[in-house]
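So this one's data-v5.tsv, TSV, N, CA, C and O atoms:
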chain	number	residue	atom	x	y	z
A	1	MET	N	42.54	-27.05	-198.43
A	1	MET	CA	43.90	-26.75	-198.78
A	1	MET	C	44.13	-25.23	-198.63
A	1	MET	O	43.30	-24.44	-199.02
A	2	THR	N	45.26	-24.88	-198.06
A	2	THR	CA	45.59	-23.48	-197.83
A	2	THR	C	46.33	-22.92	-199.04
A	2	THR	O	47.30	-23.52	-199.52
A	3	LYS	N	45.87	-21.75	-199.48
A	3	LYS	CA	46.53	-21.09	-200.60
A	3	LYS	C	47.77	-20.37	-200.09
A	3	LYS	O	47.71	-19.64	-199.11
A	4	LYS	N	48.88	-20.59	-200.75
A	4	LYS	CA	50.13	-19.94	-200.36
A	4	LYS	C	50.19	-18.56	-200.99
A	4	LYS	O	49.83	-18.36	-202.14
A	5	ILE	N	50.68	-17.62	-200.21
A	5	ILE	CA	50.84	-16.24	-200.67
A	5	ILE	C	52.32	-15.93	-200.75
A	5	ILE	O	53.06	-16.18	-199.79
A	6	LYS	N	52.73	-15.38	-201.85
A	6	LYS	CA	54.12	-14.98	-202.01
A	6	LYS	C	54.35	-13.64	-201.32
A	6	LYS	O	53.49	-12.77	-201.34
A	7	ILE	N	55.50	-13.49	-200.73
A	7	ILE	CA	55.84	-12.22	-200.08
A	7	ILE	C	55.78	-11.08	-201.09
A	7	ILE	O	55.32	-9.99	-200.77
A	8	SER	N	56.19	-11.34	-202.30
A	8	SER	CA	56.18	-10.30	-203.33
A	8	SER	C	54.76	-9.85	-203.69
A	8	SER	O	54.58	-8.77	-204.27
A	9	ASP	N	53.76	-10.64	-203.35
A	9	ASP	CA	52.36	-10.29	-203.63
A	9	ASP	C	51.73	-9.45	-202.52
A	9	ASP	O	50.63	-8.93	-202.69
A	10	LEU	N	52.42	-9.34	-201.39
A	10	LEU	CA	51.89	-8.55	-200.28
A	10	LEU	C	52.04	-7.07	-200.57
A	10	LEU	O	53.02	-6.64	-201.20
A	11	PRO	N	51.10	-6.25	-200.10
A	11	PRO	CA	51.24	-4.81	-200.33
A	11	PRO	C	52.38	-4.24	-199.51
A	11	PRO	O	52.72	-4.75	-198.44
A	12	VAL	N	52.98	-3.18	-200.00
A	12	VAL	CA	54.05	-2.50	-199.30
A	12	VAL	C	53.43	-1.65	-198.19
A	12	VAL	O	52.46	-0.93	-198.42
A	13	PHE	N	53.98	-1.77	-196.99
A	13	PHE	CA	53.47	-0.99	-195.86
A	13	PHE	C	53.97	0.44	-195.96
A	13	PHE	O	55.17	0.67	-196.12
A	14	ASP	N	53.06	1.39	-195.88
A	14	ASP	CA	53.41	2.81	-195.91
A	14	ASP	C	52.81	3.45	-194.67
A	14	ASP	O	51.59	3.62	-194.56
A	15	VAL	N	53.66	3.81	-193.71
A	15	VAL	CA	53.20	4.37	-192.44
A	15	VAL	C	52.42	5.67	-192.64
A	15	VAL	O	51.55	6.00	-191.85
A	16	THR	N	52.72	6.40	-193.71
A	16	THR	CA	52.04	7.69	-193.92
A	16	THR	C	50.53	7.52	-194.07
A	16	THR	O	49.79	8.45	-193.76
A	17	GLU	N	50.10	6.35	-194.50
A	17	GLU	CA	48.66	6.10	-194.63
A	17	GLU	C	47.97	6.02	-193.27
A	17	GLU	O	46.75	6.12	-193.19
A	18	HIS	N	48.74	5.85	-192.21
A	18	HIS	CA	48.18	5.70	-190.87
A	18	HIS	C	48.39	6.93	-189.99
A	18	HIS	O	48.01	6.94	-188.83
A	19	LEU	N	49.00	7.96	-190.55
A	19	LEU	CA	49.26	9.19	-189.80
A	19	LEU	C	48.20	10.22	-190.16
A	19	LEU	O	48.49	11.27	-190.74
A	20	GLU	N	46.96	9.90	-189.80
A	20	GLU	CA	45.82	10.69	-190.25
A	20	GLU	C	45.49	11.87	-189.35
A	20	GLU	O	44.81	12.79	-189.77
A	21	ASP	N	45.93	11.84	-188.09
A	21	ASP	CA	45.58	12.94	-187.19
A	21	ASP	C	46.74	13.21	-186.23
A	21	ASP	O	47.71	12.48	-186.19
A	22	ASP	N	46.60	14.30	-185.47
A	22	ASP	CA	47.67	14.71	-184.56
A	22	ASP	C	47.98	13.65	-183.51
A	22	ASP	O	49.14	13.47	-183.14
A	23	GLN	N	46.97	12.94	-183.04
A	23	GLN	CA	47.18	11.90	-182.03
A	23	GLN	C	48.04	10.77	-182.58
A	23	GLN	O	48.98	10.31	-181.92
A	24	ALA	N	47.73	10.30	-183.78
A	24	ALA	CA	48.50	9.22	-184.40
A	24	ALA	C	49.94	9.66	-184.64
A	24	ALA	O	50.88	8.89	-184.40
A	25	ILE	N	50.11	10.89	-185.06
A	25	ILE	CA	51.45	11.42	-185.31
A	25	ILE	C	52.24	11.51	-184.02
A	25	ILE	O	53.40	11.11	-183.95
A	26	ALA	N	51.61	12.00	-182.96
A	26	ALA	CA	52.29	12.13	-181.67
A	26	ALA	C	52.69	10.75	-181.12
A	26	ALA	O	53.80	10.58	-180.61
A	27	GLU	N	51.81	9.78	-181.24
A	27	GLU	CA	52.13	8.43	-180.76
A	27	GLU	C	53.27	7.81	-181.56
A	27	GLU	O	54.18	7.21	-180.99
A	28	TYR	N	53.23	7.99	-182.87
A	28	TYR	CA	54.28	7.46	-183.73
A	28	TYR	C	55.63	8.07	-183.37
A	28	TYR	O	56.62	7.36	-183.16
A	29	LEU	N	55.67	9.37	-183.25
A	29	LEU	CA	56.92	10.05	-182.95
A	29	LEU	C	57.42	9.69	-181.55
A	29	LEU	O	58.62	9.52	-181.33
A	30	SER	N	56.52	9.53	-180.59
A	30	SER	CA	56.91	9.14	-179.23
A	30	SER	C	57.57	7.75	-179.22
A	30	SER	O	58.58	7.54	-178.55
A	31	ILE	N	57.01	6.85	-179.97
A	31	ILE	CA	57.58	5.49	-180.06
A	31	ILE	C	58.96	5.54	-180.69
A	31	ILE	O	59.90	4.90	-180.20
A	32	VAL	N	59.11	6.32	-181.74
A	32	VAL	CA	60.40	6.44	-182.40
A	32	VAL	C	61.42	7.08	-181.47
A	32	VAL	O	62.58	6.64	-181.40
A	33	MET	N	61.02	8.10	-180.74
A	33	MET	CA	61.93	8.78	-179.82
A	33	MET	C	62.45	7.84	-178.74
A	33	MET	O	63.58	7.98	-178.29
A	34	GLU	N	61.65	6.88	-178.31
A	34	GLU	CA	62.07	5.92	-177.29
A	34	GLU	C	63.21	5.03	-177.77
A	34	GLU	O	63.96	4.49	-176.96
A	35	GLU	N	63.35	4.89	-179.08
A	35	GLU	CA	64.41	4.06	-179.64
A	35	GLU	C	65.78	4.72	-179.53
A	35	GLU	O	66.80	4.07	-179.68
A	36	ASN	N	65.80	6.04	-179.32
A	36	ASN	CA	67.05	6.79	-179.18
A	36	ASN	C	67.97	6.60	-180.39
A	36	ASN	O	69.17	6.38	-180.25
A	37	ASP	N	67.37	6.66	-181.57
A	37	ASP	CA	68.09	6.44	-182.83
A	37	ASP	C	67.90	7.67	-183.72
A	37	ASP	O	66.80	7.88	-184.24
A	38	PRO	N	68.93	8.50	-183.88
A	38	PRO	CA	68.79	9.72	-184.68
A	38	PRO	C	68.34	9.46	-186.12
A	38	PRO	O	67.55	10.24	-186.67
A	39	ALA	N	68.80	8.37	-186.72
A	39	ALA	CA	68.40	8.06	-188.09
A	39	ALA	C	66.90	7.73	-188.15
A	39	ALA	O	66.20	8.14	-189.08
A	40	ALA	N	66.42	7.01	-187.15
A	40	ALA	CA	64.99	6.68	-187.10
A	40	ALA	C	64.16	7.94	-186.89
A	40	ALA	O	63.06	8.07	-187.46
A	41	LEU	N	64.65	8.87	-186.08
A	41	LEU	CA	63.95	10.13	-185.86
A	41	LEU	C	63.85	10.92	-187.15
A	41	LEU	O	62.78	11.43	-187.50
A	42	ALA	N	64.96	11.02	-187.88
A	42	ALA	CA	64.94	11.74	-189.16
A	42	ALA	C	63.96	11.10	-190.13
A	42	ALA	O	63.17	11.79	-190.78
A	43	GLU	N	63.98	9.78	-190.20
A	43	GLU	CA	63.07	9.07	-191.10
A	43	GLU	C	61.60	9.27	-190.67
A	43	GLU	O	60.73	9.48	-191.51
A	44	ALA	N	61.34	9.22	-189.37
A	44	ALA	CA	59.97	9.40	-188.87
A	44	ALA	C	59.46	10.81	-189.19
A	44	ALA	O	58.30	10.98	-189.60
A	45	LEU	N	60.31	11.81	-189.00
A	45	LEU	CA	59.90	13.18	-189.35
A	45	LEU	C	59.64	13.29	-190.84
A	45	LEU	O	58.72	14.00	-191.28
A	46	GLY	N	60.42	12.58	-191.64
A	46	GLY	CA	60.18	12.54	-193.08
A	46	GLY	C	58.85	11.89	-193.41
A	46	GLY	O	58.10	12.37	-194.27
A	47	ASP	N	58.53	10.81	-192.70
A	47	ASP	CA	57.23	10.15	-192.89
A	47	ASP	C	56.08	11.11	-192.57
A	47	ASP	O	55.10	11.21	-193.31
A	48	ILE	N	56.21	11.80	-191.45
A	48	ILE	CA	55.16	12.73	-191.02
A	48	ILE	C	55.05	13.88	-192.01
A	48	ILE	O	53.93	14.29	-192.38
A	49	ALA	N	56.18	14.39	-192.49
A	49	ALA	CA	56.15	15.48	-193.46
A	49	ALA	C	55.50	15.03	-194.77
A	49	ALA	O	54.72	15.78	-195.36
A	50	ARG	N	55.77	13.81	-195.20
A	50	ARG	CA	55.11	13.29	-196.40
A	50	ARG	C	53.62	13.14	-196.18
A	50	ARG	O	52.82	13.43	-197.07
A	51	ALA	N	53.22	12.70	-194.99
A	51	ALA	CA	51.80	12.55	-194.69
A	51	ALA	C	51.08	13.89	-194.69
A	51	ALA	O	49.93	13.99	-195.10
A	52	ARG	N	51.76	14.92	-194.24
A	52	ARG	CA	51.17	16.26	-194.19
A	52	ARG	C	51.33	17.04	-195.48
A	52	ARG	O	50.64	18.03	-195.69
A	53	GLY	N	52.26	16.62	-196.32
A	53	GLY	CA	52.54	17.32	-197.58
A	53	GLY	C	53.90	17.98	-197.52
A	53	GLY	O	54.07	19.02	-196.87
A	54	MET	N	54.86	17.36	-198.18
A	54	MET	CA	56.25	17.82	-198.11
A	54	MET	C	56.41	19.26	-198.59
A	54	MET	O	57.16	20.03	-197.99
A	55	THR	N	55.69	19.65	-199.62
A	55	THR	CA	55.82	21.01	-200.14
A	55	THR	C	55.39	22.03	-199.11
A	55	THR	O	56.08	23.04	-198.89
A	56	GLU	N	54.28	21.78	-198.44
A	56	GLU	CA	53.78	22.71	-197.42
A	56	GLU	C	54.72	22.79	-196.23
A	56	GLU	O	54.97	23.86	-195.68
A	57	ILE	N	55.26	21.65	-195.83
A	57	ILE	CA	56.19	21.62	-194.69
A	57	ILE	C	57.48	22.34	-195.07
A	57	ILE	O	58.05	23.06	-194.24
A	58	ALA	N	57.94	22.16	-196.28
A	58	ALA	CA	59.14	22.85	-196.74
A	58	ALA	C	58.94	24.37	-196.67
A	58	ALA	O	59.80	25.09	-196.16
A	59	LYS	N	57.81	24.83	-197.16
A	59	LYS	CA	57.52	26.27	-197.12
A	59	LYS	C	57.46	26.77	-195.68
A	59	LYS	O	58.03	27.81	-195.35
A	60	ALA	N	56.76	26.05	-194.83
A	60	ALA	CA	56.58	26.48	-193.44
A	60	ALA	C	57.88	26.45	-192.65
A	60	ALA	O	58.07	27.24	-191.73
A	61	SER	N	58.78	25.56	-193.02
A	61	SER	CA	60.05	25.45	-192.30
A	61	SER	C	61.12	26.36	-192.87
A	61	SER	O	62.17	26.56	-192.25
A	62	GLY	N	60.88	26.88	-194.06
A	62	GLY	CA	61.88	27.74	-194.70
A	62	GLY	C	63.00	26.96	-195.36
A	62	GLY	O	64.05	27.51	-195.68
A	63	LEU	N	62.79	25.67	-195.58
A	63	LEU	CA	63.78	24.81	-196.22
A	63	LEU	C	63.31	24.45	-197.62
A	63	LEU	O	62.11	24.34	-197.86
A	64	ALA	N	64.24	24.26	-198.53
A	64	ALA	CA	63.88	23.81	-199.87
A	64	ALA	C	63.35	22.38	-199.78
A	64	ALA	O	63.81	21.58	-198.95
A	65	ARG	N	62.38	22.05	-200.61
A	65	ARG	CA	61.76	20.72	-200.58
A	65	ARG	C	62.81	19.62	-200.78
A	65	ARG	O	62.81	18.62	-200.08
A	66	GLU	N	63.71	19.82	-201.73
A	66	GLU	CA	64.74	18.83	-202.00
A	66	GLU	C	65.67	18.66	-200.79
A	66	GLU	O	66.07	17.55	-200.45
A	67	ALA	N	66.00	19.78	-200.14
A	67	ALA	CA	66.84	19.73	-198.94
A	67	ALA	C	66.13	18.99	-197.81
A	67	ALA	O	66.75	18.26	-197.04
A	68	LEU	N	64.83	19.19	-197.73
A	68	LEU	CA	64.03	18.53	-196.70
A	68	LEU	C	64.03	17.01	-196.92
A	68	LEU	O	64.21	16.23	-195.99
A	69	TYR	N	63.81	16.60	-198.16
A	69	TYR	CA	63.87	15.17	-198.47
A	69	TYR	C	65.23	14.59	-198.09
A	69	TYR	O	65.33	13.51	-197.51
A	70	LYS	N	66.29	15.31	-198.43
A	70	LYS	CA	67.64	14.85	-198.14
A	70	LYS	C	67.90	14.78	-196.64
A	70	LYS	O	68.49	13.82	-196.14
A	71	ALA	N	67.45	15.78	-195.90
A	71	ALA	CA	67.70	15.84	-194.46
A	71	ALA	C	66.89	14.82	-193.68
A	71	ALA	O	67.30	14.40	-192.60
A	72	LEU	N	65.74	14.40	-194.22
A	72	LEU	CA	64.85	13.52	-193.47
A	72	LEU	C	64.80	12.09	-194.00
A	72	LEU	O	63.81	11.40	-193.85
A	73	ARG	N	65.88	11.66	-194.56
A	73	ARG	CA	65.96	10.24	-194.95
A	73	ARG	C	66.71	9.49	-193.86
A	73	ARG	O	67.42	10.10	-193.05
A	74	GLN	N	66.56	8.19	-193.84
A	74	GLN	CA	67.11	7.39	-192.75
A	74	GLN	C	68.63	7.50	-192.64
A	74	GLN	O	69.17	7.48	-191.54
A	75	SER	N	69.32	7.65	-193.73
A	75	SER	CA	70.79	7.68	-193.69
A	75	SER	C	71.36	9.05	-193.34
A	75	SER	O	72.57	9.21	-193.24
A	76	SER	N	70.50	10.04	-193.13
A	76	SER	CA	71.00	11.39	-192.85
A	76	SER	C	71.23	11.61	-191.35
A	76	SER	O	70.78	10.83	-190.52
A	77	GLN	N	71.93	12.67	-191.06
A	77	GLN	CA	72.14	13.10	-189.68
A	77	GLN	C	71.84	14.60	-189.63
A	77	GLN	O	72.76	15.42	-189.62
A	78	PRO	N	70.54	14.95	-189.61
A	78	PRO	CA	70.19	16.37	-189.66
A	78	PRO	C	70.63	17.11	-188.40
A	78	PRO	O	70.71	16.53	-187.31
A	79	ARG	N	70.91	18.39	-188.57
A	79	ARG	CA	71.26	19.24	-187.43
A	79	ARG	C	70.02	19.47	-186.59
A	79	ARG	O	68.89	19.35	-187.05
A	80	PHE	N	70.25	19.83	-185.33
A	80	PHE	CA	69.13	20.10	-184.44
A	80	PHE	C	68.27	21.23	-184.97
A	80	PHE	O	67.05	21.21	-184.85
A	81	ASP	N	68.90	22.23	-185.58
A	81	ASP	CA	68.16	23.35	-186.16
A	81	ASP	C	67.14	22.86	-187.19
A	81	ASP	O	66.00	23.31	-187.21
A	82	THR	N	67.54	21.91	-188.01
A	82	THR	CA	66.63	21.36	-189.02
A	82	THR	C	65.48	20.62	-188.35
A	82	THR	O	64.32	20.80	-188.70
A	83	ILE	N	65.80	19.78	-187.36
A	83	ILE	CA	64.78	19.04	-186.62
A	83	ILE	C	63.79	20.02	-185.99
A	83	ILE	O	62.58	19.84	-186.06
A	84	SER	N	64.31	21.05	-185.36
A	84	SER	CA	63.48	22.05	-184.69
A	84	SER	C	62.56	22.76	-185.68
A	84	SER	O	61.36	22.94	-185.41
A	85	ARG	N	63.09	23.16	-186.82
A	85	ARG	CA	62.29	23.87	-187.82
A	85	ARG	C	61.20	22.97	-188.40
A	85	ARG	O	60.06	23.41	-188.62
A	86	VAL	N	61.53	21.72	-188.64
A	86	VAL	CA	60.54	20.77	-189.17
A	86	VAL	C	59.46	20.51	-188.14
A	86	VAL	O	58.26	20.51	-188.47
A	87	CYS	N	59.84	20.29	-186.89
A	87	CYS	CA	58.85	20.07	-185.83
A	87	CYS	C	57.90	21.27	-185.72
A	87	CYS	O	56.69	21.10	-185.61
A	88	ASP	N	58.47	22.46	-185.76
A	88	ASP	CA	57.65	23.67	-185.69
A	88	ASP	C	56.69	23.74	-186.87
A	88	ASP	O	55.50	24.03	-186.70
A	89	ALA	N	57.17	23.44	-188.07
A	89	ALA	CA	56.32	23.47	-189.27
A	89	ALA	C	55.22	22.41	-189.20
A	89	ALA	O	54.13	22.60	-189.73
A	90	LEU	N	55.51	21.30	-188.52
A	90	LEU	CA	54.52	20.23	-188.37
A	90	LEU	C	53.54	20.49	-187.21
A	90	LEU	O	52.60	19.74	-187.02
A	91	GLY	N	53.82	21.53	-186.45
A	91	GLY	CA	52.99	21.81	-185.28
A	91	GLY	C	53.30	20.89	-184.12
A	91	GLY	O	52.45	20.63	-183.27
A	92	LEU	N	54.54	20.39	-184.08
A	92	LEU	CA	54.96	19.47	-183.02
A	92	LEU	C	55.92	20.17	-182.08
A	92	LEU	O	56.61	21.11	-182.45
A	93	LYS	N	55.98	19.66	-180.87
A	93	LYS	CA	56.87	20.19	-179.84
A	93	LYS	C	57.60	19.02	-179.21
A	93	LYS	O	56.97	18.07	-178.74
A	94	LEU	N	58.91	19.08	-179.22
A	94	LEU	CA	59.69	18.05	-178.54
A	94	LEU	C	59.83	18.43	-177.08
A	94	LEU	O	60.11	19.59	-176.77
A	95	THR	N	59.62	17.49	-176.20
A	95	THR	CA	59.73	17.74	-174.78
A	95	THR	C	60.71	16.77	-174.14
A	95	THR	O	61.00	15.72	-174.72
A	96	VAL	N	61.16	17.10	-172.97
A	96	VAL	CA	62.12	16.28	-172.25
A	96	VAL	C	61.49	15.86	-170.92
A	96	VAL	O	60.83	16.65	-170.27
A	97	SER	N	61.74	14.62	-170.54
A	97	SER	CA	61.30	14.15	-169.23
A	97	SER	C	62.40	13.28	-168.65
A	97	SER	O	63.23	12.73	-169.37
A	98	ALA	N	62.41	13.18	-167.35
A	98	ALA	CA	63.42	12.37	-166.66
A	98	ALA	C	63.14	10.89	-166.93
A	98	ALA	O	61.99	10.47	-167.03
A	99	LYS	N	64.19	10.11	-167.03
A	99	LYS	CA	64.04	8.68	-167.16
A	99	LYS	C	63.49	8.12	-165.86
A	99	LYS	O	63.86	8.59	-164.78
A	100	GLN	N	62.64	7.14	-165.96
A	100	GLN	CA	62.11	6.52	-164.76
A	100	GLN	C	63.12	5.50	-164.25
A	100	GLN	O	63.78	4.82	-165.01
A	101	ALA	N	63.25	5.41	-162.96
A	101	ALA	CA	64.17	4.46	-162.35
A	101	ALA	C	63.76	3.04	-162.69
A	101	ALA	O	62.59	2.71	-162.73
A	102	ALA	N	64.76	2.20	-162.93
A	102	ALA	CA	64.48	0.80	-163.31
A	102	ALA	C	64.07	-0.01	-162.11
A	102	ALA	O	64.43	0.15	-161.03
Would you mind giving the structure from this file in structure tokens?
Amino acid sequence: MTKKIKISDLPVFDVTEHLEDDQAIAEYLSIVMEENDPAALAEALGDIARARGMTEIAKASGLAREALYKALRQSSQPRFDTISRVCDALGLKLTVSAKQAA
């Protein structure tokens, strides 16, 4: 007989537990960038900042920690300046490439 598991008994998935090194972070952010969703990008940068330590990223970016949390939630629309400062504080670089022909 198979034991039934309730959804409420499953652990909550936290992506920050899997962002252990620069390679994992780069792959995660690349996948999110392919979605072309600004809200998802803000949320992903927030995930990465939490994985690295929000307080340290706030200091390195020159933004208040509370402002950083607010700017990097899924419902926000951060300015490019904020995205740029956070990426720099995280040691990340956004790059552009041409779309490949279909």
Quiz item: With all atoms listed in the file as the atoms that count, which of A:Arg79, A:Glu34, A:Ala89, A:Leu41 lies nearest to Lys59 of chain A?
Solution: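 Between A:Arg79, A:Glu34, A:Ala89, A:Leu41, the residue approaching Lys59 of chain A most closely is A:Ala89.
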Counting only N, CA, C and O atoms, the residue among A:Ala64, A:Ile57, A:Ala101, A:Ala39 that lies closest to Val86 of chain A is A:Ile57
What residues in chain A get the DSSP label helix (DSSP H, G or I)? Please answer as an MDAnalysis selection string.
chainID A and resid 7:9 15:18 22:34 38:52 54:61 65:71 80:90
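Of the residues listed (A:Ala42, A:Leu19, A:Leu92, A:Ala49), A:Ala42 shows the shortest atom-to-atom separation from Lys70 of chain A; distances use only N, CA, C and O atoms.
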task = Could you check how far atom CA of Phe13 of chain A sits from atom CA of Ser75 of chain A, in Å to one decimal?
result =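 So the two atoms, atom CA of Phe13 of chain A and atom CA of Ser75 of chain A, lie 19.5 Å apart.
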Legend entry - Residue list as a PyMOL selection string for point (63.6, 11.2, -194.2), cut-off 10 Å, only C-alpha atoms: chain A and resi 39-50+68-78
Point out the residue among A:Ser84, A:Ile5, A:Glu66, A:Gly91 with the least atom-to-atom distance to Asp22 of chain A, counting only C-alpha atoms.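 With only C-alpha atoms as the atom set, the closest residue is A:Gly91.
Taking atom CA of Ala58 of chain A and atom CA of Leu90 of chain A as endpoints, the distance between them is 9.9 Å.
Atom CA of Ala24 of chain A is found 25.9 Å from atom O of Asp9 of chain A.
Counting only C-alpha atoms, the residue from A:Ile83, A:Met33, A:Ala51, A:Ala67 that sits nearest to Val96 of chain A is A:Met33.
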